[in-house]
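Visitor: Structure in structure tokens, see below.
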Amino acid sequence: MRALPLKFFDECANEPPKPWAVKGVLALNEDSSWFGPAGSLKSTLLTDLAVHLAAGKDWRGFKTKMQAGVVYFAFERAALTRRRLAAYAKRDGLATLPISVADQIVDLIDVSCVEIITETIKAAEARFGIPVGLIILDTYAKGVAAGGGDEDKAQHTNAVAANLKRIHEYVGQPLHIALIGHTGKDESRGERGSSAKTGHIDVGVQISGEGKVKTATVVKGNDQPEDALTAFEGEEIAIGFDADGDALTAFIVSPRTVQAAPEGASRLSDMQVLALDALKRAIAAHGTGGAVAVDIWREELFRSGVLDGEAKNPREPFRRLRNGLARLRRIVEQDGTVRIGYALGITPMASPSIVPPPPGGTVLLSPLPPLPVR
């Protein structure tokens with residue numbers, strides 16, 4: 001039996017920089033989850049990101065560091081995915097891109113998925129002539145359910161995580177795996193399913209917004225900021241006509257500059273309302289200058305029963321609740337203290353830790369130029 005490869009302490013100083021595919025968004029050798037409620041344009045956004053990576057073009061103000069092939073595993077609505085790609089070809093004048101769509105469902109729990117996905121990647125690369133740098137699994141829930149699994153069960157979620165790790169090991173080159181998932185009825189609780197998935201992924205991006213404009217926010221980043229990533233909206237593109245002469249259309253991400261929807265437009269969940277009430281009580285009892293220590297607020301949440309102090313991992317629900325209120329600008333934190341914020345016209349403290357979305361989140365993209373046929 002052979003020993004596992006080791007890297008020793010004195011070798012760690014020579015660790016190369018993080019290998020970004022799209023800097024600040026997608027890194028190679030990592031997994032991400034992009035999730036939101038039905039109709040939040042999460043698959044639409046990932047398709048847009050895939051097109052830009054395959055074209056080697058910067059994405060919404062973020063620098064694309066390479067041109068890479070993409071395999072989109074459409075476990076559902078594969079025809080819709082293909083229509084979206086056709087819309088990019090029509091709108092942006094793209095002759096060809098190294099993107100392919102696989103439309104058969106794969107059981108992500110069974111270890112056989114590793115060979116299936118790896119061989120599919122190799123087949124795509126043989127056509128592309130360049131390595132695949134991104135695969136998209138849409139949706140994660142369908143891949144778990146394909147073999148009778150349940151995304152709420154840590155046992156099944158961990159089995160998928162192990163298989164994703166094997167794919168990284170066997171595919172033969174650096175790769176990013178993007179999963180598309182869903183929120184539950186209460187969006188403030190984050191992604192639906194077992195928290196084991198949150199523990200596995202390197203990056204979690206939540207898509208939110210009730211109107212035309214959606215916001216993608218990094219809610220988990222191992223070594224990148226947890227903040228607004230980009231605001232975007234969709235547009236309908238005509239791609240042809242059906243047998244009756246009616247227009248065939250597809251909805252894709254618009255390159256137009258948009259601003260995030262007003263913070264006040266987002267409704268608070270019942271738990272968020274209770275959390276703000278608990279914060280007001282904590283400030284009234286223990287606060288100074290309208291703020292109170294974050295730890296005191298957390299204790300009040302447990303004391304009043306808003307959060308379950310006997311939960312297996314009580315810190316995780318608090319983290320989700322806190323991040324959700326911060327994204328809505330309903331709280332402001334600084335130096336270990338927290339105060340009430342206001343969704344409209346918030347006045348931040350000096351050097352706030354909660355800041356507006358970065359300028360790169362609203363950069364206008366020019367239409368992609370045609371690429372030569374390979």
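The chains in the structure tokens are called A, B, ... from first to last as shown; in each chain the residues are counted from 1, and the ligands are counted from 1 in the order shown.
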Could you give me, as a VMD selection string, the residues within 10 Å of stretch 200-202 of chain A, counting only C-alpha atoms and dropping anything in the same chain fewer than 6 positions from it?
Guide: chain A and resid 26 to 27 29 to 33 157 to 158 160 to 162 164 to 165 177 to 179 220 to 224
Visitor: Would you list the contacts of A:Thr81 as a PyMOL selection string, taking every protein, DNA or RNA residue within 8 Å and counting only C-alpha atoms, but skipping same-chain residues closer than 6 positions in sequence?
Guide: chain A and resi 47+74+101
Visitor: Keeping only C-alpha atoms, write the selected residues to a file as a PDB file, in the first residue's frame.
Guide:
```pdb
ATOM      1  CA  THR A  47     -24.999  30.229 -19.061  1.00  0.00           C
ATOM      2  CA  ALA A  74     -28.484  19.781 -18.173  1.00  0.00           C
ATOM      3  CA  VAL A 101     -24.651  20.338 -23.580  1.00  0.00           C
TER       4      VAL A 101
END
```
Visitor: Please return, as a PyMOL selection string, all residues of stretch 174-322 of chain A that DSSP assigns to alpha helix (DSSP H) on the basis of the backbone.
Guide: chain A and resi 195-200+270-286+294-303+315-322
Visitor: Let me make sure I understand: among A:Phe73, A:Ser254, A:Arg339, A:Pro17, which one has the smallest atom-to-atom distance to A:Ala284 if we use only C-alpha atoms?
Guide: A:Arg339
Visitor: For A:Glu76, which of A:Ser43, A:Thr120, A:Ser188, A:Asn14 is the closest residue, counting only C-alpha atoms?
Guide: A:Ser43
Visitor: Please report the interatomic distance between atom CA of A:Ala55 and atom CA of A:Asn163 in Å with one decimal.
Guide: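 Spanning atom CA of A:Ala55 to atom CA of A:Asn163 is a straight-line distance of 28.7 Å.
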Visitor: Name the closest residue to A:Val132 among the candidates A:Leu97, A:Arg281, A:Glu115, A:Lys212; distances are taken between atoms, counting only C-alpha atoms.
Guide: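 Once distances to A:Val132 are computed over only C-alpha atoms, the minimum belongs to A:Leu97.
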Visitor: Give the strand (DSSP E) residues of stretch 175-319 of chain A, as assigned by DSSP on the backbone, as a PyMOL selection string.
Guide: chain A and resi 176-182+203-208+214-221+228-232+234-241+247-253+291-293
Visitor: Taking only C-alpha atoms into account, which of A:Gly234, A:Gly148, A:Gly211, A:Gly56 comes nearest A:Val106?
Guide: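 Of A:Gly234, A:Gly148, A:Gly211, A:Gly56, the one nearest A:Val106, counting only C-alpha atoms, is A:Gly148.
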Visitor: Hey, can you check how far atom CA of A:Leu28 sits from atom CA of A:Leu175?
Guide: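 Interatomic distance, atom CA of A:Leu28 to atom CA of A:Leu175: 4.8 Å.
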Visitor: Would you mind listing what lies within 12 Å of A:Asp48 as a PyMOL selection string, with only C-alpha atoms counted and same-chain residues fewer than 6 positions away left out?
Guide: chain A and resi 41-42+54-55+57-60+70+72+81+84-85+87-89+92+99+136+232-235+251-255+365+367-368
Visitor: So that I can see what lies close to A:Ile207, please list as a ChimeraX atom specification the residues with an atom at most 8 Å from it, counting only C-alpha atoms and leaving out residues fewer than 5 positions away in the same chain.
Guide: /A:34-37,40-42,214-217
Visitor: Excluding same-chain residues fewer than 4 positions from stretch 246-248 of chain A, what lies within 10 Å of it counting only C-alpha atoms, as a list of chain:residue names?
Guide: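 That gives A:Arg83, A:Ala87, A:Glu236, A:Ile237, A:Ala238, A:Ile239, A:Gly240, A:Phe241, A:Asp242.
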Visitor: For the selection just defined, write its residues with all heavy atoms to a file, as a short mmCIF file (atom, residue, chain, number, x, y, z; two decimals), in the first residue's frame.
Guide:
```
data_model
loop_
_atom_site.label_atom_id
_atom_site.label_comp_id
_atom_site.auth_asym_id
_atom_site.auth_seq_id
_atom_site.Cartn_x
_atom_site.Cartn_y
_atom_site.Cartn_z
N ARG A 83 -31.37 26.51 -26.52
CA ARG A 83 -31.95 27.72 -27.09
C ARG A 83 -31.24 28.98 -26.57
O ARG A 83 -31.06 29.96 -27.31
CB ARG A 83 -33.45 27.80 -26.81
CG ARG A 83 -34.28 26.79 -27.59
CD ARG A 83 -35.76 27.17 -27.60
NE ARG A 83 -36.35 27.18 -26.27
CZ ARG A 83 -36.88 26.11 -25.68
NH1 ARG A 83 -36.88 24.93 -26.31
NH2 ARG A 83 -37.43 26.20 -24.49
N ALA A 87 -29.35 31.84 -28.71
CA ALA A 87 -29.62 33.27 -28.56
C ALA A 87 -28.32 34.07 -28.49
O ALA A 87 -28.23 35.17 -29.05
CB ALA A 87 -30.48 33.52 -27.33
N GLU A 236 -35.12 39.11 -23.89
CA GLU A 236 -35.64 38.07 -24.79
C GLU A 236 -35.05 38.28 -26.18
O GLU A 236 -35.08 39.38 -26.72
CB GLU A 236 -37.16 38.13 -24.83
CG GLU A 236 -37.81 36.94 -25.49
CD GLU A 236 -39.32 36.96 -25.32
OE1 GLU A 236 -39.91 38.07 -25.44
OE2 GLU A 236 -39.91 35.90 -25.08
N ILE A 237 -34.51 37.20 -26.73
CA ILE A 237 -33.89 37.25 -28.05
C ILE A 237 -34.64 36.31 -28.99
O ILE A 237 -34.87 35.14 -28.66
CB ILE A 237 -32.40 36.84 -27.98
CG1 ILE A 237 -31.63 37.74 -27.01
CG2 ILE A 237 -31.77 36.85 -29.37
CD1 ILE A 237 -31.55 39.18 -27.43
N ALA A 238 -35.00 36.80 -30.18
CA ALA A 238 -35.64 35.95 -31.19
C ALA A 238 -34.56 35.13 -31.89
O ALA A 238 -33.55 35.68 -32.34
CB ALA A 238 -36.39 36.81 -32.20
N ILE A 239 -34.77 33.82 -31.98
CA ILE A 239 -33.76 32.95 -32.59
C ILE A 239 -34.28 32.24 -33.84
O ILE A 239 -33.54 31.48 -34.47
CB ILE A 239 -33.26 31.90 -31.57
CG1 ILE A 239 -34.41 31.04 -31.05
CG2 ILE A 239 -32.52 32.57 -30.43
CD1 ILE A 239 -33.96 29.92 -30.12
N GLY A 240 -35.52 32.46 -34.22
CA GLY A 240 -36.06 31.82 -35.40
C GLY A 240 -37.57 31.77 -35.34
O GLY A 240 -38.21 32.52 -34.59
N PHE A 241 -38.16 30.86 -36.14
CA PHE A 241 -39.61 30.73 -36.21
C PHE A 241 -39.99 29.25 -36.18
O PHE A 241 -39.24 28.39 -36.64
CB PHE A 241 -40.14 31.37 -37.50
CG PHE A 241 -39.85 32.84 -37.60
CD1 PHE A 241 -38.68 33.29 -38.22
CD2 PHE A 241 -40.72 33.77 -37.04
CE1 PHE A 241 -38.40 34.65 -38.30
CE2 PHE A 241 -40.44 35.12 -37.11
CZ PHE A 241 -39.28 35.57 -37.74
N ASP A 242 -41.18 28.97 -35.61
CA ASP A 242 -41.66 27.60 -35.60
C ASP A 242 -42.45 27.31 -36.88
O ASP A 242 -42.54 28.15 -37.78
CB ASP A 242 -42.48 27.31 -34.34
CG ASP A 242 -43.77 28.14 -34.27
OD1 ASP A 242 -44.18 28.72 -35.29
OD2 ASP A 242 -44.37 28.17 -33.18
#
```
Visitor: Can you pull out every residue within 12 Å of A:His156, counting only C-alpha atoms, but drop anything in the same chain fewer than 4 positions away, and send it as a list in words?
Guide: Asp107, Leu108, Ile109, Asp110, Val111, Tyr140, Ala141, Gly143, Val144, Ala145, Ala146, Gly147, Gly148, Gly149, Asp150, Glu151, Asp152, Val160, Ala161, Ala162, Asn163, Gly193, Ser194, Ser195, Ala196 and Lys197 of chain A
